[in-house]
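Structure file final14.cif with mmCIF, C-alpha atoms and all ligand atoms:
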```cif
data_input
#
loop_
_atom_site.label_atom_id
_atom_site.label_comp_id
_atom_site.auth_asym_id
_atom_site.auth_seq_id
_atom_site.Cartn_x
_atom_site.Cartn_y
_atom_site.Cartn_z
CA MET A 25 -32.30 9.48 65.63
CA LEU A 26 -33.30 11.92 62.94
CA PHE A 27 -30.62 13.02 60.59
CA GLY A 28 -31.63 15.34 57.80
CA ILE A 29 -29.24 15.00 54.91
CA GLY A 30 -28.17 18.60 55.37
CA ARG A 31 -27.03 20.38 52.27
CA LYS A 32 -28.50 17.89 49.88
CA PRO A 33 -31.78 19.55 48.89
CA ALA A 34 -32.75 16.55 46.79
CA CYS A 35 -33.05 14.41 49.91
CA LYS A 36 -36.16 15.64 51.61
CA THR A 37 -36.82 12.49 53.61
CA PRO A 38 -34.72 12.11 56.74
CA VAL A 39 -33.21 8.70 57.15
CA SER A 40 -35.01 8.12 60.38
CA PHE A 41 -35.59 4.42 60.69
CA SER A 42 -33.31 1.60 61.51
CA PHE A 43 -34.13 -1.18 59.14
CA THR A 44 -32.00 -4.17 58.43
CA ILE A 45 -32.26 -5.98 55.16
CA CYS A 46 -30.15 -8.70 53.71
CA PHE A 47 -29.36 -8.94 50.09
CA PHE A 48 -27.69 -11.71 48.22
CA MET A 49 -24.21 -11.66 46.86
CA SER A 50 -23.00 -14.74 45.03
CA TYR A 51 -19.49 -16.02 45.38
CA ASN A 52 -18.27 -14.62 42.11
CA GLU A 53 -20.40 -11.63 41.41
CA ASN A 54 -20.62 -8.07 42.53
CA MET A 55 -23.19 -7.11 45.09
CA ILE A 56 -26.75 -6.88 43.97
CA PHE A 57 -28.31 -4.07 45.91
CA LYS A 58 -31.77 -5.58 46.12
CA GLY A 59 -34.54 -3.08 46.20
CA LEU A 60 -32.26 -0.17 46.86
CA GLY A 61 -32.66 1.97 43.84
CA LYS A 62 -31.95 1.75 40.24
CA ILE A 63 -28.71 0.33 39.07
CA LYS A 64 -27.78 2.39 36.07
CA THR A 65 -25.05 0.16 34.75
CA ILE A 66 -23.69 1.61 31.56
CA ALA A 67 -22.74 -0.48 28.62
CA GLY A 68 -19.07 -1.00 28.30
CA MET A 69 -18.42 -0.60 32.01
CA VAL A 70 -16.27 -3.68 31.95
CA LEU A 71 -13.76 -1.79 29.89
CA VAL A 72 -13.25 0.97 32.41
CA GLY A 73 -9.52 1.25 32.81
CA ALA A 74 -8.19 0.78 36.29
CA ALA A 75 -5.57 3.41 35.54
CA LEU A 76 -8.30 5.98 35.09
CA CYS A 77 -9.88 4.90 38.35
CA CYS A 78 -6.60 5.33 40.15
CA ALA A 79 -6.10 8.72 38.57
CA ALA A 80 -9.52 9.76 39.84
CA ALA A 81 -8.75 8.40 43.26
CA GLY A 82 -5.33 9.86 43.53
CA CYS A 83 -6.44 13.48 43.64
CA ALA A 84 -6.66 13.62 47.43
CA SER A 85 -3.87 12.06 49.36
CA GLY A 86 -2.09 10.27 46.59
CA THR A 87 -1.59 6.61 45.88
CA PRO A 88 -1.54 4.56 49.05
CA ALA A 89 1.66 2.90 50.10
CA PRO A 90 1.12 -0.64 51.32
CA SER A 91 0.70 -0.79 55.08
CA GLY A 92 0.87 -4.53 55.43
CA GLY A 93 1.62 -5.47 51.85
CA GLU A 94 5.36 -5.11 52.07
CA GLU A 95 5.39 -7.73 54.78
CA LEU A 96 3.76 -10.31 52.58
CA ILE A 97 5.63 -13.56 52.42
CA GLU A 98 5.23 -15.95 49.57
CA THR A 99 4.47 -19.50 50.52
CA GLY A 100 5.10 -20.95 47.09
CA GLN A 101 1.70 -22.66 47.12
CA ARG A 102 -0.36 -19.80 45.83
CA GLU A 103 -0.32 -16.84 43.54
CA PRO A 104 1.69 -13.87 44.80
CA SER A 105 -0.31 -11.45 46.94
CA THR A 106 -0.21 -8.62 44.43
CA ARG A 107 -2.91 -6.23 43.33
CA LEU A 108 -5.52 -7.53 40.92
CA SER A 109 -4.98 -7.71 37.18
CA GLU A 110 -6.42 -4.93 35.02
CA GLU A 111 -9.06 -7.36 33.80
CA ASP A 112 -10.10 -8.29 37.35
CA LYS A 113 -10.30 -4.62 38.30
CA ALA A 114 -12.49 -3.85 35.34
CA ARG A 115 -14.84 -6.60 36.47
CA LEU A 116 -15.16 -4.85 39.82
CA ALA A 117 -16.69 -1.80 38.13
CA GLU A 118 -19.68 -3.83 36.97
CA GLY A 119 -22.89 -2.97 38.75
CA ALA A 120 -21.89 0.56 39.74
CA THR A 121 -24.60 3.20 39.72
CA VAL A 122 -23.74 6.08 37.41
CA HIS A 123 -24.26 9.66 38.54
CA ASN A 124 -25.52 12.03 35.88
CA GLY A 125 -24.89 15.74 36.18
CA PRO A 126 -21.99 17.61 37.76
CA PRO A 127 -19.54 15.20 39.44
CA LEU A 128 -20.25 14.33 43.05
CA SER A 129 -17.29 14.63 45.39
CA ILE A 130 -16.79 11.59 47.59
CA GLY A 131 -14.27 11.63 50.44
CA LEU A 132 -13.46 8.00 51.12
CA SER A 133 -11.40 6.93 54.12
CA GLN A 134 -9.94 3.45 53.64
CA ILE A 135 -8.26 1.63 56.55
CA GLY A 136 -5.09 0.52 54.79
CA SER A 137 -3.85 -2.29 52.59
CA GLU A 138 -3.16 -4.90 55.22
CA SER A 139 -4.73 -7.82 53.39
CA ASP A 140 -5.68 -9.13 49.96
CA TRP A 141 -9.27 -8.49 51.02
CA ARG A 142 -8.53 -4.84 51.75
CA MET A 143 -6.77 -4.29 48.42
CA ALA A 144 -9.71 -5.83 46.57
CA SER A 145 -12.02 -3.57 48.55
CA THR A 146 -10.01 -0.52 47.47
CA ASP A 147 -10.09 -1.67 43.87
CA SER A 148 -13.85 -2.10 44.08
CA VAL A 149 -14.60 1.39 45.44
CA GLN A 150 -12.10 3.06 43.13
CA ALA A 151 -13.48 1.26 40.09
CA CYS A 152 -17.07 2.26 40.94
CA PHE A 153 -16.56 5.85 42.18
CA SER A 154 -14.74 6.68 38.96
CA ALA A 155 -14.73 9.89 36.93
CA GLU A 156 -16.46 7.99 34.10
CA ASN A 157 -19.29 7.18 36.47
CA GLY A 158 -19.72 10.80 37.50
CA TYR A 159 -17.73 10.91 40.74
CA ASP A 160 -14.77 12.87 41.96
CA LEU A 161 -13.20 10.45 44.46
CA LEU A 162 -10.90 11.78 47.17
CA PHE A 163 -9.32 8.58 48.45
CA ASP A 164 -7.30 8.35 51.64
CA ASP A 165 -5.39 5.30 52.87
CA ALA A 166 -5.04 5.53 56.65
CA GLN A 167 -2.22 3.00 56.95
CA GLN A 168 -4.19 1.06 59.60
CA LYS A 169 -4.25 4.07 61.97
CA GLN A 170 -7.46 5.58 63.31
CA GLU A 171 -5.75 8.94 63.85
CA ASN A 172 -5.12 9.10 60.09
CA GLN A 173 -8.77 8.35 59.41
CA LEU A 174 -9.87 11.14 61.76
CA LYS A 175 -7.49 13.53 60.00
CA ALA A 176 -8.74 12.50 56.56
CA ILE A 177 -12.38 12.99 57.56
CA ARG A 178 -11.61 16.47 58.87
CA GLU A 179 -9.90 17.28 55.59
CA PHE A 180 -12.93 16.04 53.68
CA ILE A 181 -15.11 18.32 55.80
CA ASP A 182 -12.80 21.27 55.06
CA GLN A 183 -13.01 20.43 51.37
CA ASP A 184 -16.80 20.42 51.65
CA VAL A 185 -17.26 17.08 49.88
CA ASP A 186 -20.75 15.92 48.98
CA TYR A 187 -20.44 12.59 50.87
CA ILE A 188 -18.02 10.99 53.29
CA VAL A 189 -17.60 7.23 52.95
CA LEU A 190 -15.85 5.50 55.83
CA ASP A 191 -14.55 2.00 56.55
CA PRO A 192 -13.65 2.41 60.22
CA CYS A 193 -10.52 0.74 61.51
CA VAL A 194 -12.01 0.18 64.97
CA GLU A 195 -15.51 0.67 66.36
CA THR A 196 -15.01 3.40 68.96
CA GLY A 197 -13.75 6.98 68.92
CA TRP A 198 -15.86 8.42 66.10
CA ASP A 199 -18.47 10.54 67.92
CA SER A 200 -16.70 13.91 67.68
CA VAL A 201 -15.64 13.73 64.07
CA LEU A 202 -19.00 12.42 62.90
CA LYS A 203 -20.69 15.23 64.82
CA GLU A 204 -18.49 17.68 62.90
CA ALA A 205 -19.55 16.07 59.61
CA LYS A 206 -23.19 16.27 60.61
CA GLU A 207 -22.86 19.93 61.58
CA ALA A 208 -21.27 20.57 58.18
CA GLY A 209 -24.28 18.88 56.57
CA ILE A 210 -22.25 16.10 54.98
CA PRO A 211 -23.87 12.66 55.02
CA VAL A 212 -21.59 9.84 56.18
CA ILE A 213 -21.91 6.34 54.77
CA VAL A 214 -20.13 3.64 56.77
CA TYR A 215 -19.27 0.28 55.24
CA ASP A 216 -17.67 -3.07 56.12
CA ARG A 217 -16.86 -2.52 59.83
CA ARG A 218 -19.11 -0.58 62.16
CA VAL A 219 -18.88 2.53 64.32
CA GLU A 220 -20.15 2.45 67.88
CA VAL A 221 -21.60 5.91 68.47
CA GLU A 222 -23.96 7.29 71.09
CA ASP A 223 -26.20 8.81 68.44
CA GLU A 224 -26.80 6.53 65.46
CA SER A 225 -28.01 9.44 63.37
CA LEU A 226 -24.37 10.51 63.11
CA TYR A 227 -24.14 8.28 60.09
CA THR A 228 -26.72 8.00 57.35
CA ALA A 229 -26.25 4.35 56.43
CA TRP A 230 -24.07 1.35 57.17
CA ILE A 231 -23.61 -1.69 54.95
CA GLY A 232 -21.40 -4.62 55.89
CA SER A 233 -20.94 -8.19 57.06
CA ASP A 234 -22.43 -9.98 60.03
CA PHE A 235 -19.02 -10.85 61.47
CA ARG A 236 -20.47 -12.68 64.45
CA LEU A 237 -22.46 -14.89 62.11
CA GLU A 238 -19.32 -15.56 60.06
CA GLY A 239 -17.55 -16.72 63.23
CA ASP A 240 -20.51 -18.84 64.34
CA ARG A 241 -20.64 -20.54 60.95
CA ALA A 242 -16.94 -21.41 61.14
CA CYS A 243 -17.33 -22.80 64.67
CA VAL A 244 -20.44 -24.83 63.85
CA TRP A 245 -18.62 -26.25 60.81
CA LEU A 246 -15.77 -27.34 63.08
CA ARG A 247 -18.15 -28.99 65.53
CA GLU A 248 -19.98 -30.80 62.71
CA PHE A 249 -16.68 -31.86 61.17
CA LEU A 250 -15.43 -33.35 64.45
CA LEU A 251 -18.73 -35.14 64.99
CA ALA A 252 -18.81 -36.53 61.45
CA ASN A 253 -15.25 -37.81 61.85
CA HIS A 254 -15.87 -39.25 65.34
CA VAL A 255 -13.09 -37.15 66.78
CA ASN A 256 -13.54 -37.60 70.51
CA ARG A 257 -10.20 -36.26 71.63
CA GLU A 258 -9.54 -32.96 73.37
CA ILE A 259 -9.10 -30.11 70.88
CA ASN A 260 -6.48 -27.43 71.53
CA LEU A 261 -7.11 -24.25 69.58
CA ILE A 262 -5.21 -21.09 68.77
CA ASP A 263 -7.09 -17.94 67.78
CA LEU A 264 -5.12 -15.57 65.52
CA GLN A 265 -7.15 -12.43 65.96
CA GLY A 266 -7.59 -9.47 63.64
CA THR A 267 -6.96 -5.85 64.60
CA LEU A 268 -8.25 -5.52 68.15
CA GLY A 269 -11.38 -3.39 68.37
CA ALA A 270 -12.34 -3.91 64.70
CA THR A 271 -15.83 -5.27 64.13
CA ALA A 272 -14.39 -8.16 62.11
CA GLN A 273 -12.21 -9.14 65.07
CA ILE A 274 -14.88 -8.61 67.70
CA GLY A 275 -17.50 -10.79 65.99
CA ARG A 276 -15.14 -13.59 65.00
CA THR A 277 -13.41 -13.68 68.38
CA GLU A 278 -16.73 -13.70 70.27
CA ALA A 279 -17.85 -16.67 68.18
CA ILE A 280 -14.79 -18.83 68.93
CA GLU A 281 -14.78 -17.86 72.60
CA GLN A 282 -18.41 -18.88 72.95
CA ALA A 283 -17.81 -22.11 71.03
CA VAL A 284 -14.91 -22.98 73.35
CA ALA A 285 -17.12 -22.29 76.37
CA GLU A 286 -19.90 -24.49 74.99
CA ASN A 287 -17.85 -27.45 73.75
CA PRO A 288 -16.36 -29.23 76.77
CA GLY A 289 -13.45 -30.83 74.90
CA TRP A 290 -12.24 -27.58 73.34
CA THR A 291 -9.45 -25.56 74.97
CA MET A 292 -8.05 -22.22 73.83
CA VAL A 293 -4.31 -22.61 74.27
CA GLY A 294 -3.32 -19.38 72.54
CA GLN A 295 -4.94 -16.14 71.47
CA ALA A 296 -3.18 -13.06 70.07
CA THR A 297 -3.63 -10.49 67.37
CA GLY A 298 -1.94 -10.80 64.00
CA ASP A 299 -3.48 -7.49 62.90
CA PHE A 300 -4.99 -9.09 59.80
CA THR A 301 -1.56 -9.23 58.10
CA GLU A 302 0.38 -12.18 56.76
CA GLY A 303 3.63 -10.98 58.31
CA LYS A 304 2.20 -10.76 61.81
CA GLY A 305 0.28 -14.00 61.37
CA LEU A 306 3.60 -15.71 60.65
CA GLU A 307 5.39 -14.02 63.54
CA VAL A 308 2.68 -14.72 66.12
CA MET A 309 2.28 -18.31 65.00
CA ARG A 310 6.03 -18.90 65.23
CA GLU A 311 5.98 -17.60 68.81
CA PHE A 312 3.08 -19.88 69.72
CA LEU A 313 4.79 -22.93 68.24
CA ASN A 314 8.05 -22.15 70.03
CA ARG A 315 6.19 -21.78 73.29
CA LEU A 316 3.64 -24.58 72.97
CA GLY A 317 5.48 -27.12 70.83
CA SER A 318 3.14 -29.83 69.61
CA GLY A 319 -0.32 -30.48 70.99
CA VAL A 320 -2.13 -27.83 68.96
CA ASN A 321 -4.93 -29.17 66.76
CA VAL A 322 -6.82 -26.22 65.33
CA ILE A 323 -5.80 -22.73 64.20
CA TYR A 324 -8.69 -20.29 63.90
CA CYS A 325 -7.35 -17.53 61.66
CA GLU A 326 -9.52 -14.44 61.53
CA ASN A 327 -8.57 -13.75 57.91
CA ASP A 328 -6.88 -15.35 54.91
CA ASN A 329 -3.62 -13.42 55.12
CA MET A 330 -3.01 -14.51 58.70
CA ALA A 331 -3.82 -18.06 57.59
CA TYR A 332 -1.06 -17.84 54.96
CA GLY A 333 1.39 -16.76 57.66
CA ALA A 334 0.21 -19.45 60.09
CA ILE A 335 0.51 -22.19 57.49
CA GLU A 336 4.02 -21.03 56.66
CA ALA A 337 5.01 -21.14 60.34
CA LEU A 338 3.48 -24.60 60.80
CA GLU A 339 5.15 -26.08 57.75
CA GLU A 340 8.57 -24.68 58.55
CA LYS A 341 8.30 -26.46 61.91
CA GLY A 342 7.52 -29.70 60.12
CA PHE A 343 3.79 -29.86 60.87
CA THR A 344 1.33 -31.05 58.25
CA VAL A 345 -1.67 -28.85 57.67
CA GLY A 346 -4.84 -30.80 56.88
CA THR A 347 -7.92 -32.37 58.34
CA ASP A 348 -6.74 -35.79 59.54
CA LEU A 349 -6.33 -35.06 63.24
CA SER A 350 -5.67 -38.74 63.98
CA LYS A 351 -2.41 -38.38 62.03
CA GLY A 352 -1.46 -35.24 63.90
CA GLU A 353 -2.46 -32.88 61.10
CA ILE A 354 -3.35 -29.34 62.11
CA LEU A 355 -6.67 -28.01 60.94
CA VAL A 356 -6.81 -24.38 59.80
CA LEU A 357 -10.00 -22.32 59.62
CA SER A 358 -10.05 -19.00 57.79
CA PHE A 359 -12.21 -16.07 56.72
CA ASP A 360 -12.52 -13.92 53.58
CA ALA A 361 -12.46 -16.58 50.85
CA THR A 362 -10.20 -14.59 48.55
CA ARG A 363 -8.90 -16.34 45.47
CA ASN A 364 -5.65 -17.28 47.21
CA GLY A 365 -7.56 -18.38 50.29
CA LEU A 366 -9.82 -20.55 48.20
CA ARG A 367 -6.81 -22.07 46.45
CA LEU A 368 -5.47 -23.23 49.82
CA THR A 369 -8.97 -24.40 50.73
CA LEU A 370 -9.23 -26.56 47.61
CA ASP A 371 -5.76 -27.90 48.37
CA GLY A 372 -7.04 -28.95 51.81
CA LYS A 373 -4.75 -26.63 53.77
CA ILE A 374 -7.63 -24.47 54.92
CA ALA A 375 -10.43 -26.77 56.08
CA VAL A 376 -13.23 -24.25 55.73
CA ASN A 377 -13.19 -20.68 54.49
CA THR A 378 -16.04 -18.41 55.52
CA GLU A 379 -16.66 -15.61 53.07
CA CYS A 380 -16.38 -11.92 53.78
CA SER A 381 -16.97 -9.91 50.65
CA PRO A 382 -14.89 -6.81 49.85
CA LEU A 383 -16.94 -5.74 46.82
CA TYR A 384 -18.68 -2.68 48.24
CA GLY A 385 -18.30 -0.31 45.28
CA PRO A 386 -21.60 -1.10 43.53
CA ALA A 387 -23.66 -0.93 46.74
CA LEU A 388 -22.04 2.31 47.91
CA THR A 389 -22.68 4.07 44.60
CA GLY A 390 -26.27 2.79 44.85
CA ILE A 391 -26.71 4.32 48.31
CA VAL A 392 -25.28 7.66 47.18
CA GLU A 393 -27.58 7.81 44.19
CA ARG A 394 -30.64 6.94 46.23
CA LEU A 395 -29.82 9.75 48.59
CA GLU A 396 -29.26 12.04 45.60
CA ASP A 397 -32.71 11.11 44.36
CA GLY A 398 -34.20 12.01 47.73
CA GLU A 399 -35.03 8.43 48.61
CA ALA A 400 -34.72 6.91 52.07
CA VAL A 401 -32.11 4.20 52.51
CA PRO A 402 -32.00 1.52 55.21
CA HIS A 403 -29.91 2.60 58.16
CA ASP A 404 -28.24 -0.80 58.51
CA THR A 405 -27.79 -3.42 55.81
CA PHE A 406 -26.19 -6.83 56.23
CA ILE A 407 -24.83 -8.55 53.16
CA GLU A 408 -25.17 -12.28 52.67
CA GLU A 409 -22.05 -14.38 52.40
CA GLY A 410 -21.03 -17.95 51.65
CA GLN A 411 -18.79 -20.64 53.07
CA PHE A 412 -16.47 -22.98 51.19
CA SER A 413 -14.73 -26.26 51.84
CA ALA A 414 -13.05 -28.98 49.82
CA GLU A 415 -14.92 -31.46 52.04
CA SER A 416 -18.32 -32.02 50.49
CA TYR A 417 -20.08 -34.02 53.18
CA ILE A 418 -21.16 -31.01 55.23
CA GLY A 419 -23.60 -29.39 52.80
CA SER A 420 -25.30 -27.02 55.20
CA LEU A 421 -25.20 -25.82 58.78
CA LYS A 422 -27.66 -24.51 61.32
CA VAL A 423 -26.82 -21.38 63.26
CA ASN A 424 -29.45 -19.97 65.62
CA GLY A 425 -32.12 -22.01 63.86
CA GLU A 426 -31.20 -20.68 60.40
CA SER A 427 -29.76 -22.93 57.73
CA TYR A 428 -26.67 -21.84 55.78
CA PRO A 429 -25.06 -23.62 52.81
CA VAL A 430 -21.47 -24.83 52.72
CA THR A 431 -20.31 -24.90 49.11
CA ALA A 432 -18.09 -27.73 47.92
CA LEU A 433 -15.31 -25.80 46.23
CA THR A 434 -14.27 -26.41 42.64
CA GLU A 435 -11.42 -25.18 40.45
CA GLU A 436 -13.94 -23.34 38.32
CA MET A 437 -15.16 -21.28 41.28
CA ILE A 438 -11.64 -20.15 42.00
CA GLY A 439 -11.17 -19.15 38.38
CA GLU A 440 -14.32 -17.07 38.48
CA ARG A 441 -13.36 -15.26 41.65
CA ALA A 442 -12.72 -11.58 40.93
CA TYR A 443 -10.28 -11.04 43.82
O1 LIG B 1 -13.11 -5.88 57.86
C1 LIG B 1 -12.89 -6.95 57.01
C2 LIG B 1 -11.61 -7.64 57.35
O2 LIG B 1 -10.53 -6.71 57.23
C3 LIG B 1 -11.21 -8.79 56.46
O3 LIG B 1 -11.52 -10.04 56.97
C4 LIG B 1 -9.73 -8.67 56.50
O4 LIG B 1 -9.06 -9.48 55.58
C5 LIG B 1 -9.55 -7.23 56.38
O5 LIG B 1 -8.29 -6.76 56.55
#
```
Using the file provided, produce a representation of the structure as structure tokens.
Ligand code: AHR
Amino acid sequence: MLFGIGRKPACKTPVSFSFTICFFMSYNENMIFKGLGKIKTIAGMVLVGAALCCAAAGCASGTPAPSGGEELIETGQREPSTRLSEEDKARLAEGATVHNGPPLSIGLSQIGSESDWRMASTDSVQACFSAENGYDLLFDDAQQKQENQLKAIREFIDQDVDYIVLDPCVETGWDSVLKEAKEAGIPVIVYDRRVEVEDESLYTAWIGSDFRLEGDRACVWLREFLLANHVNREINLIDLQGTLGATAQIGRTEAIEQAVAENPGWTMVGQATGDFTEGKGLEVMREFLNRLGSGVNVIYCENDNMAYGAIEALEEKGFTVGTDLSKGEILVLSFDATRNGLRLTLDGKIAVNTECSPLYGPALTGIVERLEDGEAVPHDTFIEEGQFSAESYIGSLKVNGESYPVTALTEEMIGERAY
């Protein structure tokens, strides 16, 4: 389990312990990396131009082409799914840790641009690992393909970068390439989704969401909602899954499957992957509706973009999306809580939206700088996330004995959302 940081002489302490901490991230602010090193936010960071960030990022594999973005379909009820405004992007740079001295080279392998969440995540890391902050970012968009990520990591190793930062598309298949990085003495920081490796010392640190907890919170909300509304009927659910094998899919799917097993009136009538994209969410939902007709009550969408597609498919078939099951309305659950997702939540089309934050830039720069300073970092860090609904009568939920808040959404919260 010991992994010396290799070439980095500043880091004398091996990251040898597995220690999970949680730190708080509010619904509209960048991550606060509690207790993990100094945050050297420079004055004027908010004015960092996104164009400069992109220029810094573009020096490896070029500007990413959208992998799911071109399939986006406008529903007419929300803002277009475009990249963030320059102002929003500048906000994402807040809280980054600045590196002083010669620029540090960071090889960052991003999964793709399949969702609004993913694009905000890219904006966050590009804004924080900027040239102004002392980094030379080599950014690679893998177009949702693990083989592209493996190739990018090998290129980063050949280029002898100082750090490799990886958001892994799926959990398995990383052992060999991470061994190569370790042999080359390059620390690997994993974020968002996880890698399942035989030897956990193959990566120096992971920071990301508790996806199983996110799923459990959504399912407990549904149970509480049905109880509060005295809904005694049988519930037929469809699960629109994310990319199969991704941690976000695994955790959220496990949660709904367990909830179906534990709630006698709940039946899973359909389950298929929509690959976290709006286009596939629409396509898969259309197929389900053609096959199943009416009789579906709940759609469990494993991210916001698939929820947009599902809602579109439901409405074009004449269904009403909402929470009054007695009137035949179809209840939609979603994850991410992006600005567009929250808009649909406030409008009542998404009943509850469980947050998954994409704003990893500040925390990742913090980890790099702690390692640069020779400090130990936790091997595994879960971030804290929220949950939002337009319904205000469920104020909190209990999952595994822990209490979690459900925030009653307001217009102001949506306005403050940075992505
Ligand atoms: O891994 C995080 C998930 O990936 C987000 O829920 C989804 O929107 C993204 O594509």
12 Å contact set for Leu174 of chain A, all atoms listed in the file, chain neighbours under 6 positions out, as a PDB file with C-alpha atoms, in the frame of the given file:
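File written: result-v4.pdb
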```pdb
ATOM      1  CA  LEU A 132     -13.460   8.000  51.120  1.00  0.00           C
ATOM      2  CA  SER A 133     -11.400   6.930  54.120  1.00  0.00           C
ATOM      3  CA  GLN A 134      -9.940   3.450  53.640  1.00  0.00           C
ATOM      4  CA  ILE A 135      -8.260   1.630  56.550  1.00  0.00           C
ATOM      5  CA  ASP A 164      -7.300   8.350  51.640  1.00  0.00           C
ATOM      6  CA  ASP A 165      -5.390   5.300  52.870  1.00  0.00           C
ATOM      7  CA  ALA A 166      -5.040   5.530  56.650  1.00  0.00           C
ATOM      8  CA  GLN A 168      -4.190   1.060  59.600  1.00  0.00           C
ATOM      9  CA  PHE A 180     -12.930  16.040  53.680  1.00  0.00           C
ATOM     10  CA  ILE A 181     -15.110  18.320  55.800  1.00  0.00           C
ATOM     11  CA  ILE A 188     -18.020  10.990  53.290  1.00  0.00           C
ATOM     12  CA  LEU A 190     -15.850   5.500  55.830  1.00  0.00           C
ATOM     13  CA  ASP A 191     -14.550   2.000  56.550  1.00  0.00           C
ATOM     14  CA  PRO A 192     -13.650   2.410  60.220  1.00  0.00           C
ATOM     15  CA  CYS A 193     -10.520   0.740  61.510  1.00  0.00           C
ATOM     16  CA  VAL A 194     -12.010   0.180  64.970  1.00  0.00           C
ATOM     17  CA  THR A 196     -15.010   3.400  68.960  1.00  0.00           C
ATOM     18  CA  GLY A 197     -13.750   6.980  68.920  1.00  0.00           C
ATOM     19  CA  TRP A 198     -15.860   8.420  66.100  1.00  0.00           C
ATOM     20  CA  ASP A 199     -18.470  10.540  67.920  1.00  0.00           C
ATOM     21  CA  SER A 200     -16.700  13.910  67.680  1.00  0.00           C
ATOM     22  CA  VAL A 201     -15.640  13.730  64.070  1.00  0.00           C
ATOM     23  CA  LEU A 202     -19.000  12.420  62.900  1.00  0.00           C
ATOM     24  CA  LYS A 203     -20.690  15.230  64.820  1.00  0.00           C
ATOM     25  CA  GLU A 204     -18.490  17.680  62.900  1.00  0.00           C
ATOM     26  CA  ALA A 205     -19.550  16.070  59.610  1.00  0.00           C
TER      27      ALA A 205
END
```
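Relative to atom CA of Ser358 of chain A, atom CA of Glu435 of chain A is found at 18.5 Å.
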Please determine, counting all atoms listed in the file, which residue among A:Val221, A:Ile280, A:Val322, A:Leu261 has the shortest atom-to-atom distance to Asp348 of chain A. A:Val322
10 Å contact set for segment 305-318 of chain A, all atoms listed in the file, chain neighbours under 5 positions out, as a PDB file with C-alpha atoms, in the coordinates of the input:
```
ATOM      1  CA  LEU A  96       3.760 -10.310  52.580  1.00  0.00           C
ATOM      2  CA  ILE A  97       5.630 -13.560  52.420  1.00  0.00           C
ATOM      3  CA  ILE A 262      -5.210 -21.090  68.770  1.00  0.00           C
ATOM      4  CA  ASP A 263      -7.090 -17.940  67.780  1.00  0.00           C
ATOM      5  CA  LEU A 264      -5.120 -15.570  65.520  1.00  0.00           C
ATOM      6  CA  GLN A 265      -7.150 -12.430  65.960  1.00  0.00           C
ATOM      7  CA  GLY A 266      -7.590  -9.470  63.640  1.00  0.00           C
ATOM      8  CA  VAL A 293      -4.310 -22.610  74.270  1.00  0.00           C
ATOM      9  CA  GLY A 294      -3.320 -19.380  72.540  1.00  0.00           C
ATOM     10  CA  GLN A 295      -4.940 -16.140  71.470  1.00  0.00           C
ATOM     11  CA  ALA A 296      -3.180 -13.060  70.070  1.00  0.00           C
ATOM     12  CA  THR A 297      -3.630 -10.490  67.370  1.00  0.00           C
ATOM     13  CA  GLY A 298      -1.940 -10.800  64.000  1.00  0.00           C
ATOM     14  CA  ASP A 299      -3.480  -7.490  62.900  1.00  0.00           C
ATOM     15  CA  PHE A 300      -4.990  -9.090  59.800  1.00  0.00           C
ATOM     16  CA  ILE A 323      -5.800 -22.730  64.200  1.00  0.00           C
ATOM     17  CA  CYS A 325      -7.350 -17.530  61.660  1.00  0.00           C
ATOM     18  CA  GLU A 326      -9.520 -14.440  61.530  1.00  0.00           C
ATOM     19  CA  ASN A 327      -8.570 -13.750  57.910  1.00  0.00           C
ATOM     20  CA  ASP A 328      -6.880 -15.350  54.910  1.00  0.00           C
ATOM     21  CA  ASN A 329      -3.620 -13.420  55.120  1.00  0.00           C
ATOM     22  CA  MET A 330      -3.010 -14.510  58.700  1.00  0.00           C
ATOM     23  CA  ALA A 331      -3.820 -18.060  57.590  1.00  0.00           C
ATOM     24  CA  TYR A 332      -1.060 -17.840  54.960  1.00  0.00           C
ATOM     25  CA  GLY A 333       1.390 -16.760  57.660  1.00  0.00           C
ATOM     26  CA  ALA A 334       0.210 -19.450  60.090  1.00  0.00           C
ATOM     27  CA  ILE A 335       0.510 -22.190  57.490  1.00  0.00           C
ATOM     28  CA  GLU A 336       4.020 -21.030  56.660  1.00  0.00           C
ATOM     29  CA  ALA A 337       5.010 -21.140  60.340  1.00  0.00           C
ATOM     30  CA  LEU A 338       3.480 -24.600  60.800  1.00  0.00           C
ATOM     31  CA  GLU A 340       8.570 -24.680  58.550  1.00  0.00           C
ATOM     32  CA  LYS A 341       8.300 -26.460  61.910  1.00  0.00           C
ATOM     33  CA  PHE A 343       3.790 -29.860  60.870  1.00  0.00           C
ATOM     34  CA  GLY A 352      -1.460 -35.240  63.900  1.00  0.00           C
ATOM     35  CA  ILE A 354      -3.350 -29.340  62.110  1.00  0.00           C
TER      36      ILE A 354
END
```
Site check for ligand LIG 1 (chain B): residues at most 7 Å away, all atoms listed in the file, as a VMD selection string: chain A and resid 138 to 142 216 to 217 271 to 272 300 326 to 329 359 to 360 380
Name the closest residue to Ser148 of chain A among the candidates A:Cys243, A:Leu388, A:Ala375, A:Ile231; distances are taken between atoms, counting only C-alpha atoms.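 Looking only at the distances to Ser148 of chain A, the closest residue turns out to be A:Leu388.
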Counting all atoms listed in the file, write as a PyMOL selection string all protein and nucleic acid residues lying at most 9 Å from (-20.8, -10.6, 64.1) in the file's frame. chain A and resi 233-240+271-276+278-279
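Nearest-residue note for Ser225 of chain A: choosing from A:Glu207, A:Glu248, A:Glu399, A:Asp112, the minimum distance belongs to A:Glu207, counting only C-alpha atoms.
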